[in-house]
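Enquirer: So I've got this file, entry-v1.txt, and it contains compact mmCIF, N, CA and C atoms:
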```
# COMPACT_ATOMS: atom_id res chain seq x y z
N ASP A 1 10.76 -2.95 -3.26
CA ASP A 1 9.97 -3.17 -2.07
C ASP A 1 8.64 -3.85 -2.38
N LEU A 2 8.12 -3.66 -3.57
CA LEU A 2 6.86 -4.30 -3.94
C LEU A 2 7.16 -5.66 -4.53
N ARG A 3 6.84 -6.70 -3.78
CA ARG A 3 7.02 -8.07 -4.24
C ARG A 3 6.06 -8.95 -3.45
N VAL A 4 5.76 -10.11 -3.97
CA VAL A 4 4.89 -11.05 -3.28
C VAL A 4 5.57 -11.46 -1.98
N GLY A 5 4.86 -11.34 -0.88
CA GLY A 5 5.41 -11.66 0.43
C GLY A 5 5.83 -10.44 1.22
N ALA A 6 5.90 -9.26 0.58
CA ALA A 6 6.31 -8.04 1.27
C ALA A 6 5.18 -7.54 2.16
N VAL A 7 5.54 -6.88 3.25
CA VAL A 7 4.57 -6.29 4.17
C VAL A 7 4.66 -4.78 4.04
N LEU A 8 3.51 -4.14 3.73
CA LEU A 8 3.43 -2.70 3.57
C LEU A 8 2.74 -2.08 4.77
N ASN A 9 3.04 -0.82 5.01
CA ASN A 9 2.34 -0.06 6.05
C ASN A 9 1.43 0.92 5.33
N ALA A 10 0.13 0.71 5.38
CA ALA A 10 -0.84 1.58 4.73
C ALA A 10 -1.71 2.23 5.80
N TYR A 11 -1.43 3.50 6.06
CA TYR A 11 -2.18 4.26 7.07
C TYR A 11 -2.16 3.57 8.42
N GLY A 12 -1.00 3.06 8.81
CA GLY A 12 -0.84 2.45 10.12
C GLY A 12 -1.27 1.00 10.20
N ARG A 13 -1.69 0.41 9.10
CA ARG A 13 -2.10 -1.00 9.10
C ARG A 13 -1.11 -1.80 8.26
N ARG A 14 -0.73 -2.95 8.78
CA ARG A 14 0.20 -3.82 8.05
C ARG A 14 -0.57 -4.65 7.05
N ILE A 15 -0.14 -4.61 5.79
CA ILE A 15 -0.79 -5.35 4.71
C ILE A 15 0.28 -6.17 4.00
N MET A 16 0.00 -7.47 3.82
CA MET A 16 0.95 -8.36 3.14
C MET A 16 0.49 -8.58 1.71
N LEU A 17 1.40 -8.43 0.75
CA LEU A 17 1.11 -8.73 -0.65
C LEU A 17 1.20 -10.24 -0.83
N VAL A 18 0.07 -10.87 -1.18
CA VAL A 18 0.03 -12.33 -1.24
C VAL A 18 0.00 -12.89 -2.66
N ASP A 19 -0.26 -12.05 -3.67
CA ASP A 19 -0.31 -12.54 -5.05
C ASP A 19 -0.26 -11.33 -5.98
N CYS A 20 -0.03 -11.55 -7.28
CA CYS A 20 -0.05 -10.45 -8.25
C CYS A 20 -0.60 -10.97 -9.58
N ASP A 21 -1.01 -10.04 -10.45
CA ASP A 21 -1.62 -10.44 -11.72
C ASP A 21 -0.54 -10.70 -12.78
N ASN A 22 -0.98 -11.14 -13.98
CA ASN A 22 -0.06 -11.55 -15.04
C ASN A 22 0.78 -10.38 -15.56
N PHE A 23 0.17 -9.18 -15.70
CA PHE A 23 0.93 -8.02 -16.17
C PHE A 23 2.07 -7.70 -15.21
N THR A 24 1.79 -7.75 -13.91
CA THR A 24 2.80 -7.44 -12.90
C THR A 24 3.92 -8.48 -12.94
N GLN A 25 3.56 -9.76 -13.10
CA GLN A 25 4.58 -10.80 -13.20
C GLN A 25 5.48 -10.58 -14.41
N GLU A 26 4.89 -10.27 -15.56
CA GLU A 26 5.68 -10.05 -16.77
C GLU A 26 6.57 -8.81 -16.63
N TYR A 27 6.05 -7.76 -16.00
CA TYR A 27 6.83 -6.54 -15.78
C TYR A 27 8.05 -6.83 -14.90
N PHE A 28 7.85 -7.55 -13.80
CA PHE A 28 8.97 -7.87 -12.91
C PHE A 28 9.96 -8.83 -13.57
N ARG A 29 9.49 -9.73 -14.44
CA ARG A 29 10.40 -10.63 -15.16
C ARG A 29 11.31 -9.83 -16.08
N THR A 30 10.73 -8.91 -16.88
CA THR A 30 11.52 -8.19 -17.87
C THR A 30 12.35 -7.07 -17.25
N LYS A 31 11.81 -6.38 -16.26
CA LYS A 31 12.51 -5.22 -15.69
C LYS A 31 13.55 -5.60 -14.65
N TYR A 32 13.23 -6.57 -13.77
CA TYR A 32 14.11 -6.89 -12.65
C TYR A 32 14.63 -8.33 -12.65
N GLY A 33 14.14 -9.18 -13.55
CA GLY A 33 14.61 -10.55 -13.60
C GLY A 33 14.04 -11.44 -12.50
N VAL A 34 12.96 -11.01 -11.86
CA VAL A 34 12.34 -11.79 -10.79
C VAL A 34 11.55 -12.92 -11.42
N THR A 35 11.71 -14.15 -10.91
CA THR A 35 11.01 -15.29 -11.49
C THR A 35 10.08 -15.99 -10.50
N ASP A 36 10.20 -15.70 -9.22
CA ASP A 36 9.38 -16.38 -8.21
C ASP A 36 8.15 -15.53 -7.88
N PHE A 37 6.98 -16.00 -8.32
CA PHE A 37 5.72 -15.32 -8.05
C PHE A 37 4.75 -16.25 -7.33
N THR A 38 5.27 -17.15 -6.52
CA THR A 38 4.44 -18.11 -5.82
C THR A 38 3.55 -17.38 -4.82
N PRO A 39 2.23 -17.58 -4.89
CA PRO A 39 1.34 -16.92 -3.92
C PRO A 39 1.68 -17.35 -2.49
N VAL A 40 1.58 -16.42 -1.58
CA VAL A 40 1.91 -16.66 -0.18
C VAL A 40 0.66 -17.14 0.54
N GLN A 41 0.79 -18.25 1.27
CA GLN A 41 -0.30 -18.70 2.12
C GLN A 41 -0.28 -17.84 3.37
N TYR A 42 -1.36 -17.15 3.62
CA TYR A 42 -1.39 -16.17 4.69
C TYR A 42 -1.79 -16.80 6.02
N LYS A 43 -0.96 -16.57 7.03
CA LYS A 43 -1.29 -16.97 8.39
C LYS A 43 -0.81 -15.84 9.29
N GLU A 44 -1.75 -15.20 9.96
CA GLU A 44 -1.41 -14.01 10.73
C GLU A 44 -0.64 -14.36 12.00
N PRO A 45 0.37 -13.56 12.33
CA PRO A 45 1.10 -13.79 13.58
C PRO A 45 0.29 -13.26 14.76
N PRO A 46 0.53 -13.81 15.95
CA PRO A 46 -0.20 -13.29 17.11
C PRO A 46 0.20 -11.84 17.36
N MET A 47 -0.81 -11.01 17.58
CA MET A 47 -0.57 -9.59 17.78
C MET A 47 -0.61 -9.25 19.26
N ALA A 48 0.37 -8.49 19.71
CA ALA A 48 0.39 -8.02 21.09
C ALA A 48 -0.55 -6.82 21.20
N ASN A 49 -1.30 -6.74 22.28
CA ASN A 49 -2.23 -5.65 22.47
C ASN A 49 -1.49 -4.49 23.12
N ALA A 50 -1.12 -3.51 22.29
CA ALA A 50 -0.43 -2.33 22.80
C ALA A 50 -1.46 -1.24 23.04
N GLY A 51 -1.49 -0.71 24.23
CA GLY A 51 -2.43 0.34 24.56
C GLY A 51 -2.03 1.66 23.92
N LYS A 52 -3.00 2.53 23.73
CA LYS A 52 -2.73 3.84 23.15
C LYS A 52 -2.13 4.75 24.21
N SER A 53 -1.13 5.48 23.82
CA SER A 53 -0.57 6.48 24.72
C SER A 53 -0.47 7.79 23.96
N TRP A 54 -0.95 8.85 24.55
CA TRP A 54 -0.96 10.15 23.92
C TRP A 54 0.26 10.94 24.39
N PRO A 55 0.82 11.77 23.51
CA PRO A 55 1.96 12.58 23.92
C PRO A 55 1.52 13.61 24.97
N PRO A 56 2.47 14.09 25.77
CA PRO A 56 2.11 15.07 26.79
C PRO A 56 1.71 16.41 26.15
N TYR A 57 0.91 17.16 26.87
CA TYR A 57 0.45 18.47 26.42
C TYR A 57 1.66 19.38 26.26
N ASN A 58 1.74 20.09 25.10
CA ASN A 58 2.92 20.91 24.82
C ASN A 58 2.74 22.39 25.13
N GLY A 59 1.56 22.81 25.55
CA GLY A 59 1.33 24.20 25.93
C GLY A 59 0.76 25.07 24.83
N PHE A 60 0.70 24.58 23.60
CA PHE A 60 0.12 25.37 22.51
C PHE A 60 -1.36 25.06 22.39
N GLY A 61 -2.20 26.08 22.37
CA GLY A 61 -3.64 25.88 22.28
C GLY A 61 -4.18 25.20 23.53
N SER A 62 -5.40 24.71 23.43
CA SER A 62 -5.97 24.00 24.57
C SER A 62 -5.54 22.54 24.54
N GLU A 63 -5.69 21.88 25.66
CA GLU A 63 -5.31 20.46 25.72
C GLU A 63 -6.18 19.62 24.80
N GLU A 64 -7.46 19.99 24.67
CA GLU A 64 -8.37 19.28 23.77
C GLU A 64 -7.94 19.42 22.31
N ASP A 65 -7.47 20.64 21.92
CA ASP A 65 -6.99 20.84 20.55
C ASP A 65 -5.77 19.97 20.26
N SER A 66 -4.84 19.93 21.21
CA SER A 66 -3.65 19.13 21.01
C SER A 66 -3.99 17.65 20.89
N LEU A 67 -4.93 17.19 21.72
CA LEU A 67 -5.33 15.79 21.66
C LEU A 67 -6.06 15.47 20.37
N SER A 68 -6.90 16.38 19.89
CA SER A 68 -7.63 16.13 18.64
C SER A 68 -6.68 16.10 17.45
N SER A 69 -5.56 16.83 17.51
CA SER A 69 -4.61 16.77 16.41
C SER A 69 -3.90 15.42 16.35
N CYS A 70 -3.87 14.71 17.48
CA CYS A 70 -3.27 13.38 17.49
C CYS A 70 -4.22 12.33 16.94
N LYS A 71 -5.50 12.63 16.88
CA LYS A 71 -6.50 11.65 16.45
C LYS A 71 -6.83 11.75 14.97
N SER A 72 -6.37 12.81 14.28
CA SER A 72 -6.72 12.96 12.87
C SER A 72 -5.45 12.94 12.02
N PHE A 73 -5.66 12.65 10.74
CA PHE A 73 -4.56 12.57 9.79
C PHE A 73 -5.00 13.26 8.51
N VAL A 74 -4.29 14.29 8.10
CA VAL A 74 -4.63 15.04 6.90
C VAL A 74 -3.54 14.81 5.86
N LEU A 75 -3.95 14.34 4.70
CA LEU A 75 -3.00 14.11 3.62
C LEU A 75 -2.66 15.41 2.93
N LYS A 76 -1.39 15.60 2.56
CA LYS A 76 -0.96 16.77 1.82
C LYS A 76 -0.68 16.36 0.38
N PRO A 77 -1.10 17.16 -0.58
CA PRO A 77 -0.83 16.80 -1.98
C PRO A 77 0.66 16.87 -2.27
N THR A 78 1.08 16.08 -3.25
CA THR A 78 2.49 16.11 -3.64
C THR A 78 2.79 17.43 -4.32
N VAL A 79 4.02 17.89 -4.20
CA VAL A 79 4.40 19.19 -4.72
C VAL A 79 4.61 19.16 -6.23
N SER A 80 5.31 18.15 -6.73
CA SER A 80 5.61 18.11 -8.16
C SER A 80 5.45 16.69 -8.69
N LYS A 81 5.26 16.58 -9.99
CA LYS A 81 5.15 15.29 -10.66
C LYS A 81 6.19 15.23 -11.77
N ASP A 82 6.64 14.03 -12.10
CA ASP A 82 7.58 13.86 -13.20
C ASP A 82 6.76 13.70 -14.48
N PHE A 83 6.67 14.78 -15.25
CA PHE A 83 5.80 14.80 -16.42
C PHE A 83 6.24 13.80 -17.48
N VAL A 84 7.55 13.66 -17.70
CA VAL A 84 8.05 12.73 -18.71
C VAL A 84 7.68 11.30 -18.34
N GLN A 85 7.85 10.93 -17.05
CA GLN A 85 7.47 9.59 -16.59
C GLN A 85 5.98 9.38 -16.77
N PHE A 86 5.19 10.39 -16.44
CA PHE A 86 3.74 10.28 -16.56
C PHE A 86 3.33 10.04 -18.01
N MET A 87 3.91 10.80 -18.94
CA MET A 87 3.53 10.66 -20.34
C MET A 87 4.00 9.33 -20.94
N SER A 88 5.15 8.83 -20.51
CA SER A 88 5.66 7.59 -21.10
C SER A 88 5.00 6.35 -20.53
N LYS A 89 4.49 6.44 -19.29
CA LYS A 89 3.93 5.24 -18.66
C LYS A 89 2.47 5.38 -18.26
N ASP A 90 1.78 6.37 -18.84
CA ASP A 90 0.39 6.57 -18.48
C ASP A 90 -0.49 5.45 -19.00
N ARG A 91 -0.57 5.31 -20.30
CA ARG A 91 -1.33 4.21 -20.88
C ARG A 91 -0.95 4.04 -22.35
N THR A 92 -1.15 2.82 -22.82
CA THR A 92 -0.94 2.51 -24.22
C THR A 92 -2.25 1.92 -24.72
N GLY A 93 -2.99 2.69 -25.50
CA GLY A 93 -4.31 2.24 -25.93
C GLY A 93 -5.21 2.08 -24.72
N PHE A 94 -5.77 0.88 -24.56
CA PHE A 94 -6.62 0.61 -23.41
C PHE A 94 -5.88 -0.05 -22.27
N ASP A 95 -4.58 -0.33 -22.44
CA ASP A 95 -3.78 -0.98 -21.41
C ASP A 95 -3.11 0.08 -20.54
N THR A 96 -3.31 -0.04 -19.23
CA THR A 96 -2.64 0.88 -18.32
C THR A 96 -1.38 0.22 -17.79
N MET A 97 -0.41 1.04 -17.45
CA MET A 97 0.85 0.54 -16.89
C MET A 97 0.67 0.51 -15.37
N THR A 98 0.01 -0.52 -14.89
CA THR A 98 -0.32 -0.63 -13.47
C THR A 98 0.10 -1.99 -12.96
N LEU A 99 0.81 -2.01 -11.82
CA LEU A 99 1.17 -3.26 -11.17
C LEU A 99 0.09 -3.55 -10.13
N ARG A 100 -0.48 -4.73 -10.16
CA ARG A 100 -1.57 -5.07 -9.24
C ARG A 100 -1.16 -6.24 -8.36
N PHE A 101 -1.42 -6.10 -7.06
CA PHE A 101 -1.13 -7.14 -6.09
C PHE A 101 -2.40 -7.47 -5.31
N LEU A 102 -2.55 -8.73 -4.94
CA LEU A 102 -3.63 -9.15 -4.05
C LEU A 102 -3.08 -9.13 -2.63
N ALA A 103 -3.83 -8.55 -1.68
CA ALA A 103 -3.34 -8.39 -0.31
C ALA A 103 -4.42 -8.77 0.69
N ARG A 104 -3.97 -9.17 1.88
CA ARG A 104 -4.84 -9.45 3.02
C ARG A 104 -4.39 -8.61 4.20
N MET A 105 -5.33 -8.24 5.05
CA MET A 105 -5.01 -7.45 6.23
C MET A 105 -4.49 -8.37 7.33
N MET A 106 -3.43 -7.96 7.99
CA MET A 106 -2.86 -8.74 9.09
C MET A 106 -3.49 -8.24 10.39
N THR A 107 -4.50 -8.96 10.89
CA THR A 107 -5.26 -8.51 12.04
C THR A 107 -5.79 -9.69 12.83
N ASP A 108 -6.22 -9.43 14.05
CA ASP A 108 -6.86 -10.46 14.86
C ASP A 108 -8.37 -10.45 14.70
N SER A 109 -8.92 -9.47 14.05
CA SER A 109 -10.35 -9.34 13.86
C SER A 109 -10.87 -10.45 12.95
N ALA A 110 -11.86 -11.18 13.42
CA ALA A 110 -12.41 -12.30 12.65
C ALA A 110 -13.06 -11.80 11.36
N ILE A 111 -13.63 -10.63 11.38
CA ILE A 111 -14.29 -10.08 10.19
C ILE A 111 -13.26 -9.71 9.13
N ASP A 112 -12.14 -9.12 9.55
CA ASP A 112 -11.15 -8.62 8.60
C ASP A 112 -10.20 -9.68 8.08
N LYS A 113 -10.14 -10.86 8.72
CA LYS A 113 -9.18 -11.90 8.31
C LYS A 113 -9.42 -12.37 6.88
N SER A 114 -10.69 -12.46 6.45
CA SER A 114 -10.98 -13.01 5.13
C SER A 114 -11.09 -11.94 4.05
N ARG A 115 -10.91 -10.66 4.40
CA ARG A 115 -11.02 -9.59 3.41
C ARG A 115 -9.83 -9.59 2.48
N LEU A 116 -10.09 -9.40 1.19
CA LEU A 116 -9.04 -9.30 0.18
C LEU A 116 -9.02 -7.89 -0.38
N PHE A 117 -7.82 -7.39 -0.69
CA PHE A 117 -7.66 -6.07 -1.25
C PHE A 117 -6.81 -6.16 -2.50
N ILE A 118 -7.03 -5.25 -3.43
CA ILE A 118 -6.18 -5.14 -4.61
C ILE A 118 -5.38 -3.86 -4.44
N ILE A 119 -4.05 -4.02 -4.35
CA ILE A 119 -3.15 -2.88 -4.24
C ILE A 119 -2.63 -2.59 -5.64
N SER A 120 -2.90 -1.39 -6.16
CA SER A 120 -2.47 -1.00 -7.50
C SER A 120 -1.36 0.04 -7.40
N PHE A 121 -0.26 -0.21 -8.10
CA PHE A 121 0.85 0.74 -8.16
C PHE A 121 0.90 1.27 -9.58
N PHE A 122 0.69 2.58 -9.74
CA PHE A 122 0.63 3.21 -11.04
C PHE A 122 2.03 3.70 -11.42
N LEU A 123 2.60 3.14 -12.49
CA LEU A 123 3.94 3.49 -12.93
C LEU A 123 4.01 4.93 -13.45
N ALA A 124 2.89 5.48 -13.89
CA ALA A 124 2.88 6.82 -14.46
C ALA A 124 3.26 7.88 -13.44
N ASP A 125 2.76 7.75 -12.19
CA ASP A 125 3.05 8.78 -11.19
C ASP A 125 3.48 8.21 -9.85
N ASP A 126 3.83 6.92 -9.82
CA ASP A 126 4.33 6.26 -8.59
C ASP A 126 3.36 6.37 -7.42
N THR A 127 2.08 6.25 -7.69
CA THR A 127 1.10 6.28 -6.61
C THR A 127 0.57 4.89 -6.36
N ILE A 128 0.10 4.68 -5.14
CA ILE A 128 -0.49 3.39 -4.75
C ILE A 128 -1.94 3.63 -4.39
N LEU A 129 -2.81 2.77 -4.88
CA LEU A 129 -4.23 2.86 -4.58
C LEU A 129 -4.68 1.54 -4.00
```
What would the structure in this file look like if it were written as structure tokens?
Expert:
Amino acid sequence: DLRVGAVLNAYGRRIMLVDCDNFTQEYFRTKYGVTDFTPVQYKEPPMANAGKSWPPYNGFGSEEDSLSSCKSFVLKPTVSKDFVQFMSKDRTGFDTMTLRFLARMMTDSAIDKSRLFIISFFLADDTIL
């Protein structure tokens, strides 16, 4: 799923991977046989303005409590980690086993159109930062 041109959903926002670094290219060449790493020229599609709709009140607690639970998002920690994977792919000397992609936000906001992000995928514990 992680490849140049892929669109990710990060906390409800669509992010397109537009480029990757040399380590990531070499990793994908040796591991998966991928040879095309051409950077994607980003042009955002027109976005439809969808209004917010809240679910109906379910009867538990007050209506304000139910509505506030729809407005917040709490992350839960992962239950277990693969220790062998972590130890084998954590780091070798000063080199980390990290796949890095360059990404842009897909939005209509003039301020956010030019923002660049670095998406890092850590092979040691399969996390994305």
Enquirer: Do you know which residues are at most 8 Å from Arg3 of chain A counting all atoms listed in the file, after dropping those on the same chain fewer than 5 positions away, and could you put them as a ChimeraX atom specification?
Expert: /A:16-20,37,101
Enquirer: Just to confirm, what's the straight-line distance from atom CA of Phe122 of chain A to atom CA of Thr98 of chain A in Å (one decimal)?
Expert: 4.6 Å
Enquirer: Just give me the gap between atom CA of Ala48 of chain A and atom N of Ala110 of chain A in Å, one decimal is fine.
Expert: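 Interatomic distance here is 14.8 Å.
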Enquirer: Quick one: pull the distance between atom CA of Asp125 of chain A and atom CA of Tyr27 of chain A, Å, one decimal.
Expert: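 According to the coordinates, atom CA of Asp125 of chain A and atom CA of Tyr27 of chain A are separated by 16.4 Å.
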Enquirer: Can you check which residues of segment 2-52 of chain A DSSP gives as helix (DSSP H, G or I) on the backbone and send them as a list of chain:residue names?
Expert: A:Asn22, A:Phe23, A:Thr24, A:Gln25, A:Glu26, A:Tyr27, A:Phe28, A:Arg29, A:Thr30, A:Lys31, A:Tyr32
Enquirer: List as a PyMOL selection string the residues having at least one atom at most 9 Å from position (-2.1, -11.2, 3.3) as given in the file, counting only C-alpha atoms.
Expert: chain A and resi 5+7+15-19+40-44+102-106+113+116-117
Enquirer: Looking at only N, CA and C atoms, which of A:Glu63, A:Val34, A:Arg100, A:Pro56 is the one that sits closest to Asp21 of chain A?
Expert: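 Comparing A:Glu63, A:Val34, A:Arg100, A:Pro56 against Asp21 of chain A, the winner is A:Arg100.
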Enquirer: Please return the centre and edge lengths, in Å to one decimal, of a box with edges along x, y and z that contains all listed atoms of segment 59-65 of chain A, widened by 5 Å on every side, as JSON.
Expert:
```
{"center_x": -3.4, "center_y": 22.7, "center_z": 23.1, "size_x": 19.9, "size_y": 16.8, "size_z": 15.7}
```
Enquirer: Which one is closest to Leu99 of chain A: A:Gln25, A:Pro39, A:Glu64, A:Gly59? Count all atoms listed in the file.
Expert: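 With all atoms listed in the file as the atom set, the closest residue is A:Gln25.
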